[in-house]
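Student: One file: data_21.txt (compact mmCIF, C-alpha atoms and all ligand atoms).
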```
# COMPACT_ATOMS: atom_id res chain seq x y z
CA MET A 1 -21.87 28.51 15.53
CA ILE A 2 -24.52 30.93 14.40
CA SER A 3 -25.31 29.03 11.25
CA SER A 4 -25.63 25.66 13.00
CA LYS A 5 -27.94 27.16 15.61
CA TYR A 6 -29.97 28.70 12.87
CA SER A 7 -30.30 25.44 10.95
CA ASP A 8 -31.28 23.58 14.15
CA LEU A 9 -34.13 25.99 14.58
CA THR A 10 -35.41 25.79 11.04
CA LEU A 11 -34.82 22.19 10.03
CA GLY A 12 -35.12 18.84 11.76
CA GLN A 13 -31.99 16.66 11.79
CA ASN A 14 -33.22 14.36 9.04
CA GLU A 15 -34.30 17.24 6.91
CA GLN A 16 -30.86 18.78 7.33
CA ALA A 17 -29.20 15.50 6.34
CA GLU A 18 -31.42 15.28 3.25
CA LYS A 19 -30.52 18.82 2.29
CA MET A 20 -26.80 18.18 2.68
CA LYS A 21 -27.03 15.00 0.58
CA LYS A 22 -27.70 17.10 -2.49
CA LEU A 23 -24.26 18.65 -2.09
CA TRP A 24 -22.19 15.58 -2.92
CA LYS A 25 -22.16 12.77 -5.42
CA GLU A 26 -24.56 10.03 -4.41
CA HIS A 27 -22.19 7.13 -4.99
CA LEU A 28 -19.87 8.45 -2.25
CA GLU A 29 -22.33 7.10 0.33
CA ALA A 30 -20.77 3.68 -0.26
CA VAL A 31 -17.20 4.91 0.30
CA ARG A 32 -15.63 4.24 3.66
CA PRO A 33 -12.48 6.34 4.06
CA TYR A 34 -9.16 4.61 4.68
CA VAL A 35 -8.27 4.51 8.37
CA PRO A 36 -4.49 4.68 8.73
CA GLY A 37 -2.43 3.02 11.47
CA LYS A 38 -2.23 5.18 14.61
CA PRO A 39 0.72 7.59 14.63
CA ILE A 40 3.30 7.17 17.42
CA GLU A 41 2.76 10.66 18.87
CA GLU A 42 -0.98 10.20 19.21
CA VAL A 43 -0.56 6.92 21.10
CA LYS A 44 2.04 8.48 23.39
CA ARG A 45 -0.37 11.31 24.23
CA GLU A 46 -3.45 9.15 24.69
CA LEU A 47 -1.87 6.44 26.82
CA GLU A 48 0.78 8.62 28.47
CA LEU A 49 3.54 6.30 27.34
CA ASP A 50 7.15 7.36 26.83
CA ASN A 51 8.13 4.62 24.45
CA VAL A 52 5.92 3.55 21.61
CA ILE A 53 6.87 1.15 18.84
CA LYS A 54 4.98 1.30 15.56
CA LEU A 55 4.78 -1.91 13.58
CA ALA A 56 1.49 -1.06 11.91
CA SER A 57 2.13 0.56 8.53
CA ASN A 58 4.88 -1.56 6.97
CA GLU A 59 7.35 1.29 7.23
CA ASN A 60 11.10 0.81 7.22
CA PRO A 61 12.31 1.01 10.85
CA LEU A 62 15.70 2.22 9.62
CA GLY A 63 15.59 5.97 9.21
CA PRO A 64 16.77 7.48 5.93
CA PRO A 65 20.57 7.30 5.50
CA PRO A 66 22.67 10.46 6.11
CA GLY A 67 23.12 11.10 2.37
CA VAL A 68 19.36 11.35 1.95
CA VAL A 69 18.92 13.61 4.98
CA ARG A 70 21.65 15.87 3.55
CA ALA A 71 19.88 16.07 0.20
CA ILE A 72 16.60 17.01 1.93
CA THR A 73 18.35 19.67 4.02
CA GLU A 74 19.97 21.19 0.95
CA ALA A 75 16.67 21.22 -0.96
CA ALA A 76 14.90 22.83 2.01
CA GLY A 77 16.46 26.21 1.21
CA GLU A 78 14.63 26.26 -2.13
CA VAL A 79 11.09 25.48 -1.04
CA ASN A 80 9.94 28.98 -1.98
CA ARG A 81 10.02 27.66 -5.59
CA TYR A 82 7.56 25.22 -7.14
CA PRO A 83 9.07 21.79 -7.68
CA ASP A 84 10.23 20.57 -11.09
CA GLY A 85 6.93 19.30 -12.49
CA GLY A 86 8.77 16.86 -14.75
CA CYS A 87 11.02 15.39 -12.01
CA PHE A 88 13.91 15.73 -14.47
CA TYR A 89 16.87 14.48 -12.40
CA LEU A 90 14.92 11.79 -10.59
CA ARG A 91 13.54 10.53 -13.89
CA GLN A 92 17.00 10.47 -15.43
CA ALA A 93 18.49 8.51 -12.52
CA LEU A 94 15.62 6.03 -12.35
CA CYS A 95 15.62 5.40 -16.08
CA GLU A 96 19.35 4.78 -16.05
CA LYS A 97 18.96 2.33 -13.19
CA LEU A 98 16.11 0.44 -14.86
CA SER A 99 17.40 0.85 -18.45
CA ILE A 100 14.11 2.28 -19.66
CA SER A 101 13.05 5.44 -21.46
CA GLY A 102 11.80 8.55 -19.65
CA ASP A 103 8.53 8.26 -21.59
CA ASN A 104 7.73 5.07 -19.69
CA VAL A 105 7.60 6.67 -16.22
CA ILE A 106 5.14 8.76 -14.24
CA PHE A 107 5.94 9.93 -10.72
CA GLY A 108 3.27 10.23 -8.07
CA ASN A 109 2.64 11.65 -4.62
CA GLY A 110 3.19 8.12 -3.40
CA SER A 111 2.41 5.23 -5.72
CA ASP A 112 -1.14 5.50 -4.33
CA GLU A 113 -1.60 8.51 -6.56
CA VAL A 114 -0.84 6.46 -9.66
CA ILE A 115 -3.72 4.12 -8.72
CA VAL A 116 -6.04 7.10 -8.61
CA LEU A 117 -4.69 8.53 -11.88
CA ALA A 118 -5.18 5.22 -13.71
CA LEU A 119 -8.78 4.97 -12.58
CA ARG A 120 -9.48 8.61 -13.35
CA ALA A 121 -8.00 8.42 -16.83
CA MET A 122 -9.33 5.06 -17.93
CA LEU A 123 -12.49 4.07 -16.21
CA ARG A 124 -15.69 4.80 -18.14
CA HIS A 125 -19.22 4.81 -16.89
CA ASP A 126 -20.45 1.31 -16.05
CA GLU A 127 -17.05 -0.32 -16.31
CA GLU A 128 -15.73 -2.59 -13.62
CA VAL A 129 -12.51 -3.37 -11.84
CA ILE A 130 -11.49 -6.73 -10.41
CA ILE A 131 -9.68 -7.00 -7.11
CA ALA A 132 -8.77 -9.86 -4.80
CA HIS A 133 -9.91 -10.28 -1.23
CA PRO A 134 -8.18 -9.54 1.05
CA THR A 135 -5.89 -6.99 -0.58
CA PHE A 136 -4.76 -3.37 -0.40
CA LEU A 137 -7.83 -1.33 0.62
CA ILE A 138 -7.02 1.62 -1.64
CA TYR A 139 -7.97 -0.33 -4.81
CA ASN A 140 -11.51 -0.64 -3.56
CA ILE A 141 -11.79 2.87 -2.12
CA ALA A 142 -10.32 4.61 -5.17
CA SER A 143 -12.47 2.50 -7.53
CA LEU A 144 -15.66 3.33 -5.65
CA VAL A 145 -14.76 7.02 -5.70
CA GLU A 146 -14.51 6.78 -9.50
CA GLU A 147 -17.90 5.05 -9.60
CA ALA A 148 -16.53 1.70 -10.74
CA ASN A 149 -18.36 -1.55 -10.20
CA VAL A 150 -15.95 -3.50 -8.06
CA ARG A 151 -15.85 -7.27 -8.43
CA THR A 152 -14.06 -9.14 -5.70
CA VAL A 153 -12.41 -12.54 -6.16
CA PRO A 154 -11.53 -14.39 -2.94
CA MET A 155 -7.99 -15.56 -2.45
CA LYS A 156 -7.23 -19.25 -2.08
CA ASP A 157 -5.30 -20.04 1.10
CA PHE A 158 -4.38 -16.36 1.31
CA ARG A 159 -2.82 -16.38 -2.17
CA TYR A 160 -4.04 -14.70 -5.36
CA ASP A 161 -6.25 -17.02 -7.41
CA LEU A 162 -5.29 -15.59 -10.80
CA LYS A 163 -7.18 -18.26 -12.73
CA ALA A 164 -10.38 -17.21 -10.97
CA MET A 165 -9.54 -13.52 -11.50
CA ALA A 166 -8.99 -14.11 -15.24
CA GLY A 167 -12.27 -16.05 -15.28
CA ALA A 168 -14.08 -13.11 -13.67
CA ILE A 169 -13.16 -10.77 -16.55
CA THR A 170 -16.15 -9.67 -18.63
CA ASP A 171 -16.48 -7.27 -21.56
CA ARG A 172 -17.06 -4.52 -19.00
CA THR A 173 -13.80 -5.12 -17.13
CA LYS A 174 -11.29 -2.27 -17.42
CA ILE A 175 -8.66 -2.85 -14.73
CA VAL A 176 -7.45 -5.88 -12.77
CA PHE A 177 -5.41 -5.00 -9.67
CA ILE A 178 -2.66 -7.38 -8.60
CA SER A 179 -0.57 -6.57 -5.55
CA ASN A 180 2.62 -8.59 -5.84
CA PRO A 181 3.50 -9.27 -3.13
CA ASP A 182 0.14 -8.65 -1.53
CA ASN A 183 -0.73 -6.47 1.42
CA PRO A 184 -2.00 -7.62 3.97
CA THR A 185 -1.26 -11.31 3.30
CA GLY A 186 2.42 -10.98 2.35
CA SER A 187 2.00 -13.77 -0.22
CA TYR A 188 3.18 -13.44 -3.81
CA VAL A 189 2.31 -14.46 -7.34
CA THR A 190 4.95 -16.68 -9.00
CA LYS A 191 6.42 -16.21 -12.47
CA ASP A 192 4.45 -19.17 -13.86
CA GLU A 193 1.18 -17.88 -12.41
CA MET A 194 1.86 -14.44 -13.84
CA ASP A 195 2.75 -15.82 -17.30
CA ASP A 196 -0.41 -17.90 -17.35
CA PHE A 197 -2.54 -14.92 -16.31
CA MET A 198 -1.00 -12.66 -18.96
CA GLN A 199 -1.93 -15.21 -21.62
CA ARG A 200 -5.52 -15.28 -20.46
CA VAL A 201 -6.06 -11.53 -20.07
CA PRO A 202 -7.81 -9.97 -23.11
CA GLU A 203 -6.36 -6.97 -24.96
CA GLY A 204 -8.72 -4.29 -23.72
CA VAL A 205 -8.02 -4.91 -20.04
CA VAL A 206 -5.40 -3.06 -17.99
CA VAL A 207 -3.28 -5.18 -15.67
CA PHE A 208 -2.26 -3.02 -12.71
CA LEU A 209 0.75 -4.60 -11.00
CA ASP A 210 1.48 -3.04 -7.63
CA GLU A 211 5.05 -3.90 -6.64
CA ALA A 212 5.32 -1.75 -3.50
CA TYR A 213 7.17 -4.61 -1.77
CA GLY A 214 9.03 -5.86 -4.85
CA GLU A 215 12.49 -5.18 -3.40
CA PHE A 216 11.80 -7.60 -0.53
CA ALA A 217 10.42 -10.28 -2.84
CA LYS A 218 13.09 -10.45 -5.55
CA GLY A 219 14.63 -13.83 -6.34
CA ASP A 220 13.65 -17.43 -7.22
CA ASP A 221 10.28 -17.52 -8.90
CA TYR A 222 9.22 -13.90 -8.26
CA PRO A 223 8.38 -12.52 -11.72
CA GLU A 224 10.54 -9.92 -13.48
CA THR A 225 7.80 -7.81 -15.03
CA LEU A 226 9.54 -4.81 -16.54
CA GLU A 227 9.51 -6.25 -20.08
CA LEU A 228 5.71 -6.41 -19.95
CA ILE A 229 5.32 -2.64 -20.17
CA ASN A 230 6.39 -2.44 -23.79
CA ARG A 231 4.08 -5.13 -25.14
CA GLU A 232 1.66 -3.76 -27.72
CA ASP A 233 -0.90 -6.53 -27.22
CA LYS A 234 -1.22 -6.06 -23.44
CA ASN A 235 -1.76 -3.06 -21.18
CA VAL A 236 0.36 -3.21 -18.06
CA ILE A 237 0.98 -0.54 -15.43
CA ILE A 238 3.59 -1.37 -12.80
CA THR A 239 3.84 0.75 -9.65
CA ARG A 240 6.73 0.93 -7.20
CA THR A 241 7.46 3.17 -4.27
CA PHE A 242 10.13 4.87 -2.18
CA SER A 243 7.91 4.47 0.90
CA LYS A 244 8.95 1.01 2.04
CA ALA A 245 12.43 -0.37 1.29
CA TYR A 246 13.78 3.17 0.69
CA SER A 247 12.54 4.64 4.03
CA LEU A 248 10.73 7.65 2.55
CA ALA A 249 7.08 7.07 3.52
CA GLY A 250 6.77 10.53 5.07
CA LEU A 251 7.68 12.31 1.84
CA ARG A 252 5.21 10.54 -0.49
CA VAL A 253 6.95 9.54 -3.68
CA GLY A 254 6.37 6.56 -5.93
CA TYR A 255 6.09 5.87 -9.66
CA GLY A 256 4.28 4.06 -12.39
CA LEU A 257 5.89 2.30 -15.38
CA ALA A 258 3.93 1.71 -18.57
CA ARG A 259 3.91 2.02 -22.35
CA LYS A 260 4.44 5.58 -23.58
CA ASP A 261 0.83 6.05 -24.76
CA ILE A 262 -0.51 4.98 -21.35
CA ILE A 263 1.87 7.35 -19.50
CA GLU A 264 0.71 10.19 -21.77
CA VAL A 265 -2.90 9.69 -20.75
CA LEU A 266 -2.03 9.43 -17.06
CA ASN A 267 -0.15 12.73 -17.37
CA LYS A 268 -3.33 14.43 -18.62
CA VAL A 269 -5.05 13.84 -15.29
CA ARG A 270 -2.01 14.43 -13.09
CA GLU A 271 -1.70 17.69 -11.17
CA PRO A 272 1.27 19.71 -12.46
CA PHE A 273 3.34 19.75 -9.24
CA ASN A 274 2.29 16.47 -7.68
CA VAL A 275 5.72 15.46 -6.36
CA ASN A 276 7.20 18.01 -3.97
CA SER A 277 10.80 19.18 -4.20
CA LEU A 278 12.02 17.56 -0.96
CA ALA A 279 10.61 14.22 -2.09
CA GLN A 280 12.37 14.53 -5.46
CA ALA A 281 15.70 15.37 -3.85
CA ALA A 282 15.36 12.56 -1.31
CA ALA A 283 14.35 9.92 -3.84
CA LEU A 284 17.22 10.89 -6.14
CA ALA A 285 19.70 10.54 -3.27
CA ALA A 286 18.05 7.31 -2.08
CA LEU A 287 18.65 5.63 -5.44
CA LYS A 288 22.38 5.92 -4.81
CA GLU A 289 22.21 4.39 -1.32
CA GLU A 290 22.64 0.72 -2.17
CA GLY A 291 24.13 0.07 1.26
CA HIS A 292 21.01 1.29 3.02
CA LEU A 293 18.77 -0.79 0.78
CA ASN A 294 20.84 -3.91 1.43
CA ARG A 295 20.84 -3.29 5.20
CA SER A 296 17.05 -2.90 5.09
CA LEU A 297 16.60 -6.15 3.18
CA ALA A 298 19.03 -8.02 5.45
CA LEU A 299 17.26 -6.79 8.59
CA VAL A 300 13.92 -8.03 7.29
CA ARG A 301 15.38 -11.36 6.16
CA GLU A 302 17.03 -12.07 9.52
CA GLU A 303 14.29 -10.80 11.81
CA LYS A 304 11.47 -12.45 9.88
CA LYS A 305 12.87 -15.86 10.85
CA LYS A 306 12.47 -14.87 14.51
CA PHE A 307 8.87 -13.81 13.90
CA TYR A 308 8.13 -17.23 12.46
CA SER A 309 9.78 -19.13 15.30
CA GLN A 310 8.10 -16.94 17.93
CA PHE A 311 4.68 -17.48 16.34
CA ASP A 312 5.36 -21.22 16.17
CA GLY A 313 6.27 -21.14 19.85
CA MET A 314 2.98 -19.44 20.69
CA ASP A 315 1.06 -21.92 18.57
CA LEU A 316 -0.11 -19.20 16.18
CA THR A 317 -0.42 -19.76 12.44
CA TYR A 318 0.83 -17.17 9.94
CA ILE A 319 1.08 -16.66 6.21
CA PRO A 320 4.64 -17.07 4.84
CA SER A 321 5.61 -13.57 3.71
CA ARG A 322 7.73 -12.17 0.90
CA THR A 323 7.47 -8.68 2.40
CA ASN A 324 8.57 -6.74 5.48
CA PHE A 325 5.43 -7.72 7.43
CA VAL A 326 3.62 -10.87 8.52
CA LEU A 327 -0.09 -11.64 8.73
CA VAL A 328 -0.69 -13.82 11.77
CA ASN A 329 -3.80 -15.51 13.08
CA ALA A 330 -3.98 -14.52 16.72
CA GLY A 331 -6.89 -16.93 17.21
CA ARG A 332 -8.38 -14.35 19.54
CA ASP A 333 -10.51 -11.22 19.18
CA SER A 334 -8.01 -9.15 17.20
CA ARG A 335 -9.38 -5.88 18.57
CA GLU A 336 -8.61 -7.13 22.06
CA VAL A 337 -5.14 -8.20 21.01
CA PHE A 338 -4.62 -4.80 19.38
CA SER A 339 -5.64 -2.88 22.53
CA TYR A 340 -3.57 -5.15 24.76
CA LEU A 341 -0.46 -4.53 22.67
CA LEU A 342 -1.23 -0.82 22.42
CA LYS A 343 -1.24 -0.52 26.23
CA ARG A 344 2.21 -2.07 26.14
CA GLY A 345 3.30 0.58 23.65
CA VAL A 346 3.25 -1.59 20.53
CA ILE A 347 1.07 -0.53 17.58
CA VAL A 348 0.08 -3.31 15.17
CA ARG A 349 -2.69 -3.48 12.58
CA GLU A 350 -5.79 -5.49 13.38
CA MET A 351 -7.61 -6.87 10.41
CA THR A 352 -11.32 -6.42 11.00
CA SER A 353 -11.52 -3.60 8.41
CA TRP A 354 -10.21 -6.16 5.90
CA GLY A 355 -12.86 -8.63 7.02
CA ILE A 356 -10.39 -11.15 8.41
CA ASP A 357 -11.27 -11.28 12.09
CA GLY A 358 -8.79 -12.72 14.52
CA PHE A 359 -5.78 -11.68 12.43
CA ILE A 360 -3.19 -9.02 13.03
CA ARG A 361 -0.60 -7.67 10.62
CA VAL A 362 2.74 -6.68 12.06
CA ASN A 363 5.77 -5.33 10.26
CA ILE A 364 9.35 -6.14 11.06
CA GLY A 365 10.98 -3.49 13.22
CA LEU A 366 14.43 -3.04 14.71
CA ARG A 367 15.71 -6.05 16.63
CA GLU A 368 15.01 -4.45 20.06
CA GLU A 369 11.53 -3.39 18.95
CA ASN A 370 10.71 -6.88 17.80
CA GLU A 371 11.80 -8.30 21.18
CA VAL A 372 9.37 -5.95 22.94
CA PHE A 373 6.61 -7.05 20.55
CA PHE A 374 7.32 -10.75 21.13
CA ARG A 375 7.13 -10.33 24.93
CA ALA A 376 3.89 -8.33 24.74
CA LEU A 377 2.29 -10.78 22.31
CA LYS A 378 3.25 -13.75 24.49
CA ASP A 379 1.41 -12.10 27.40
CA ALA A 380 -1.57 -11.24 25.20
CA VAL A 381 -1.82 -14.85 24.05
CA ARG A 382 -1.69 -15.98 27.69
CA ASP A 383 -4.26 -13.46 28.98
CA ILE A 384 -6.84 -13.32 26.17
CA PRO A 385 -9.01 -16.42 25.70
CA ARG A 386 -9.01 -18.25 22.37
CA LEU A 387 -12.01 -17.66 20.11
C1 LIG A 401 2.44 0.76 1.11
C2 LIG A 401 1.79 0.31 -0.14
C3 LIG A 401 1.84 1.10 -1.28
C4 LIG A 401 2.68 2.34 -1.30
O1 LIG A 401 1.99 3.45 -1.17
P1 LIG A 401 2.73 4.86 -1.37
O2 LIG A 401 1.58 5.69 -1.79
O3 LIG A 401 3.75 4.71 -2.44
O4 LIG A 401 3.30 5.21 -0.06
C5 LIG A 401 1.24 0.66 -2.44
N1 LIG A 401 0.65 -0.53 -2.48
C6 LIG A 401 0.62 -1.34 -1.43
C7 LIG A 401 0.02 -2.70 -1.56
C8 LIG A 401 1.17 -0.93 -0.21
O5 LIG A 401 1.08 -1.71 0.85
```
As structure tokens, what does this structure read like?
Ligand SMILES: *Cc1c(COP(=O)(O)O)cnc(C)c1O
Tutor:
Amino acid sequence: MISSKYSDLTLGQNEQAEKMKKLWKEHLEAVRPYVPGKPIEEVKRELELDNVIKLASNENPLGPPPGVVRAITEAAGEVNRYPDGGCFYLRQALCEKLSISGDNVIFGNGSDEVIVLALRAMLRHDEEVIIAHPTFLIYNIASLVEEANVRTVPMKDFRYDLKAMAGAITDRTKIVFISNPDNPTGSYVTKDEMDDFMQRVPEGVVVFLDEAYGEFAKGDDYPETLELINREDKNVIITRTFSKAYSLAGLRVGYGLARKDIIEVLNKVREPFNVNSLAQAAALAALKEEGHLNRSLALVREEKKKFYSQFDGMDLTYIPSRTNFVLVNAGRDSREVFSYLLKRGVIVREMTSWGIDGFIRVNIGLREENEVFFRALKDAVRDIPRL
């Protein structure tokens, strides 16, 4: 209080702003922080609602299975100790499951952290990254924080245009980010498209393959990418997460897979205890819960069909999705649709921060939750005029 009063007296507001500017790195002016989906508790408080359904952050509506909760409870008694910085048991279990070597894995505080580590370790002054539009916002934010020049390649019909992305590569390009499947469109890159892109990408470029929704997308022509990590002539980092199909978003644990020499460099910029002990215990237990994983995938598969038929019935177009969410064109002011649904206790994501006005992204919830969403959306579509 005293200091702000003092500065008001001595400096004008602009002068104060100028003075503060010297404190931080100039390039951060261009960074707009990520705005997460509203938490359930906050919406309950603000709107005085008893029941709130969150379909905004692509979380798994099924809570963690009992075996995982037990593992967390058991680990809770040991939180006076620092976690195992090497994630020994989790690494062992994951490597066994994937038939890879421990040297090929880095764990992160969410797979988001691996994005940051890759940029921090690899990006040099004046180098650029290539991202699609629209895609996961963190690629852009984290790249700007690391002072990268970000080049954006528009999608074609809401699908990655990998030929155009390969064509955008210059001798300054360091990393190309590919979200497969993509968030927020839900579309995916096929095996043929991926093969073709890998042939075009030059040796000095890092291909960052974000497979946060890979479990939902498996099958037919979705590419199996694991073998790419050991190629000497290409540089591939694959990330996956326990946040979505494995129901552990609140604990923050994900991982990156890459050639040993790449993992070594990422480890240099990683904080020593980046994955907490409860997250390690939970992820280890989650790997054994095949039943939970299959139930999660089955729920999404079955309920997604209803989303499509409901949208068809409301005359709304949507992007076919290989994930646990759907991007739908509400054809109306999406902020209005968002607020309308919020008042009915349903949180969705509206897409203006992605620059796709009129769209909302909604993830698949429990069957009863989805029914509430369908009813509320039907009313919104009736009450809000078309654009
Ligand atoms: C949710 C999501 C992630 C996962 O982030 P975590 O940090 O592992 O929770 C990564 N990439 C995309 C595209 C996502 O949507």
Student: What does the list of residues within 6 Å of ligand LIG 401 (chain A) look like if you count only C-alpha atoms and all ligand atoms, written as JSON, numbers by chain?
Tutor: {"A": [110, 111, 112, 136, 179, 182, 183, 210, 212, 241, 243, 249, 252, 253, 254]}
Student: As an exercise, work out the distance from CA of Tyr222 in chain A to CA of Phe208 in chain A in Å and give it to one decimal place.
Tutor: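 Calculated distance between CA of Tyr222 in chain A and CA of Phe208 in chain A is 16.4 Å.
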Student: Expressed in Å to a single decimal, how great is the separation between CA of Thr323 in chain A and CA of Pro184 in chain A?
Tutor: 9.7 Å
Student: For Glu368 in chain A, which of A:Asn80, A:Ile53, A:Ser247, A:Arg335 is the closest residue, counting only C-alpha atoms?
Tutor: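 The shortest atom-to-atom distance to Glu368 in chain A comes from A:Ile53.
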Student: Choose the residue, out of A:Lys244, A:His27, A:Arg200, A:Lys19, that has the smallest atom-to-atom separation from Ala286 in chain A; count all atoms listed in the file.
Tutor: A:Lys244
Student: Could you check which of A:Arg70, A:Lys288, A:Arg382, A:Lys54 is closest to Leu90 in chain A, using only C-alpha atoms?
Tutor: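 Comparing A:Arg70, A:Lys288, A:Arg382, A:Lys54 against Leu90 in chain A, the winner is A:Lys288.
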Student: Excluding Arg301 in chain A and its own-chain neighbours fewer than 6 positions away, which residues fall within 10 Å of it when counting only C-alpha atoms? Please give them as a ChimeraX atom specification.
Tutor: /A:216,295,322-324,364
Student: One number please: CA of Val114 in chain A to CA of Lys38 in chain A, in Å, one decimal.
Tutor: 24.3 Å
Student: Which residue, A:Arg120, A:Ser353, A:Asp103, A:Tyr318, has the smallest gap to Asp157 in chain A when you use all atoms listed in the file?
Tutor: A:Tyr318
Student: Which of these residues is nearest to Val326 in chain A, using all atoms listed in the file: A:Val300, A:Ile263, A:Ala142, A:Leu341?
Tutor: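 Going through A:Val300, A:Ile263, A:Ala142, A:Leu341 one by one, the smallest distance to Val326 in chain A is for A:Val300.
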Student: Starting from the incomplete input, reconstruct N, CA and C atoms of range 140-162 of chain A and report them as a compact mmCIF listing (two decimals), in the frame of the given file.
Tutor:
```
# COMPACT_ATOMS: atom_id res chain seq x y z
N ASN A 140 -10.06 -0.70 -3.70
CA ASN A 140 -11.51 -0.64 -3.56
C ASN A 140 -12.00 0.79 -3.35
N ILE A 141 -11.35 1.50 -2.44
CA ILE A 141 -11.79 2.87 -2.12
C ILE A 141 -11.69 3.76 -3.36
N ALA A 142 -10.52 3.74 -4.01
CA ALA A 142 -10.32 4.61 -5.17
C ALA A 142 -11.27 4.23 -6.31
N SER A 143 -11.56 2.94 -6.46
CA SER A 143 -12.47 2.50 -7.53
C SER A 143 -13.88 2.98 -7.25
N LEU A 144 -14.31 2.88 -5.99
CA LEU A 144 -15.66 3.33 -5.65
C LEU A 144 -15.80 4.83 -5.85
N VAL A 145 -14.73 5.57 -5.51
CA VAL A 145 -14.76 7.02 -5.70
C VAL A 145 -14.97 7.35 -7.18
N GLU A 146 -14.36 6.54 -8.06
CA GLU A 146 -14.51 6.78 -9.50
C GLU A 146 -15.76 6.11 -10.07
N GLU A 147 -16.62 5.65 -9.20
CA GLU A 147 -17.90 5.05 -9.60
C GLU A 147 -17.76 3.75 -10.39
N ALA A 148 -16.69 3.01 -10.09
CA ALA A 148 -16.53 1.70 -10.74
C ALA A 148 -17.43 0.67 -10.07
N ASN A 149 -17.81 -0.35 -10.82
CA ASN A 149 -18.36 -1.55 -10.20
C ASN A 149 -17.18 -2.41 -9.81
N VAL A 150 -17.10 -2.73 -8.53
CA VAL A 150 -15.95 -3.50 -8.06
C VAL A 150 -16.35 -4.96 -7.90
N ARG A 151 -15.62 -5.83 -8.59
CA ARG A 151 -15.85 -7.27 -8.43
C ARG A 151 -14.70 -7.86 -7.63
N THR A 152 -15.06 -8.63 -6.62
CA THR A 152 -14.06 -9.14 -5.70
C THR A 152 -13.92 -10.65 -5.86
N VAL A 153 -12.68 -11.11 -6.01
CA VAL A 153 -12.41 -12.54 -6.16
C VAL A 153 -11.64 -13.01 -4.92
N PRO A 154 -12.22 -13.95 -4.17
CA PRO A 154 -11.53 -14.39 -2.94
C PRO A 154 -10.19 -15.03 -3.24
N MET A 155 -9.25 -14.85 -2.34
CA MET A 155 -7.99 -15.56 -2.45
C MET A 155 -8.20 -17.02 -2.08
N LYS A 156 -7.21 -17.83 -2.45
CA LYS A 156 -7.23 -19.25 -2.08
C LYS A 156 -6.07 -19.45 -1.12
N ASP A 157 -6.37 -19.88 0.09
CA ASP A 157 -5.30 -20.04 1.10
C ASP A 157 -4.43 -18.79 1.20
N PHE A 158 -5.07 -17.64 1.18
CA PHE A 158 -4.38 -16.36 1.31
C PHE A 158 -3.39 -16.08 0.18
N ARG A 159 -3.64 -16.69 -0.99
CA ARG A 159 -2.82 -16.38 -2.17
C ARG A 159 -3.75 -15.98 -3.31
N TYR A 160 -3.25 -15.09 -4.20
CA TYR A 160 -4.04 -14.70 -5.36
C TYR A 160 -4.47 -15.93 -6.15
N ASP A 161 -5.73 -15.96 -6.55
CA ASP A 161 -6.25 -17.02 -7.41
C ASP A 161 -6.40 -16.39 -8.80
N LEU A 162 -5.28 -16.33 -9.53
CA LEU A 162 -5.29 -15.59 -10.80
C LEU A 162 -6.15 -16.26 -11.86
```
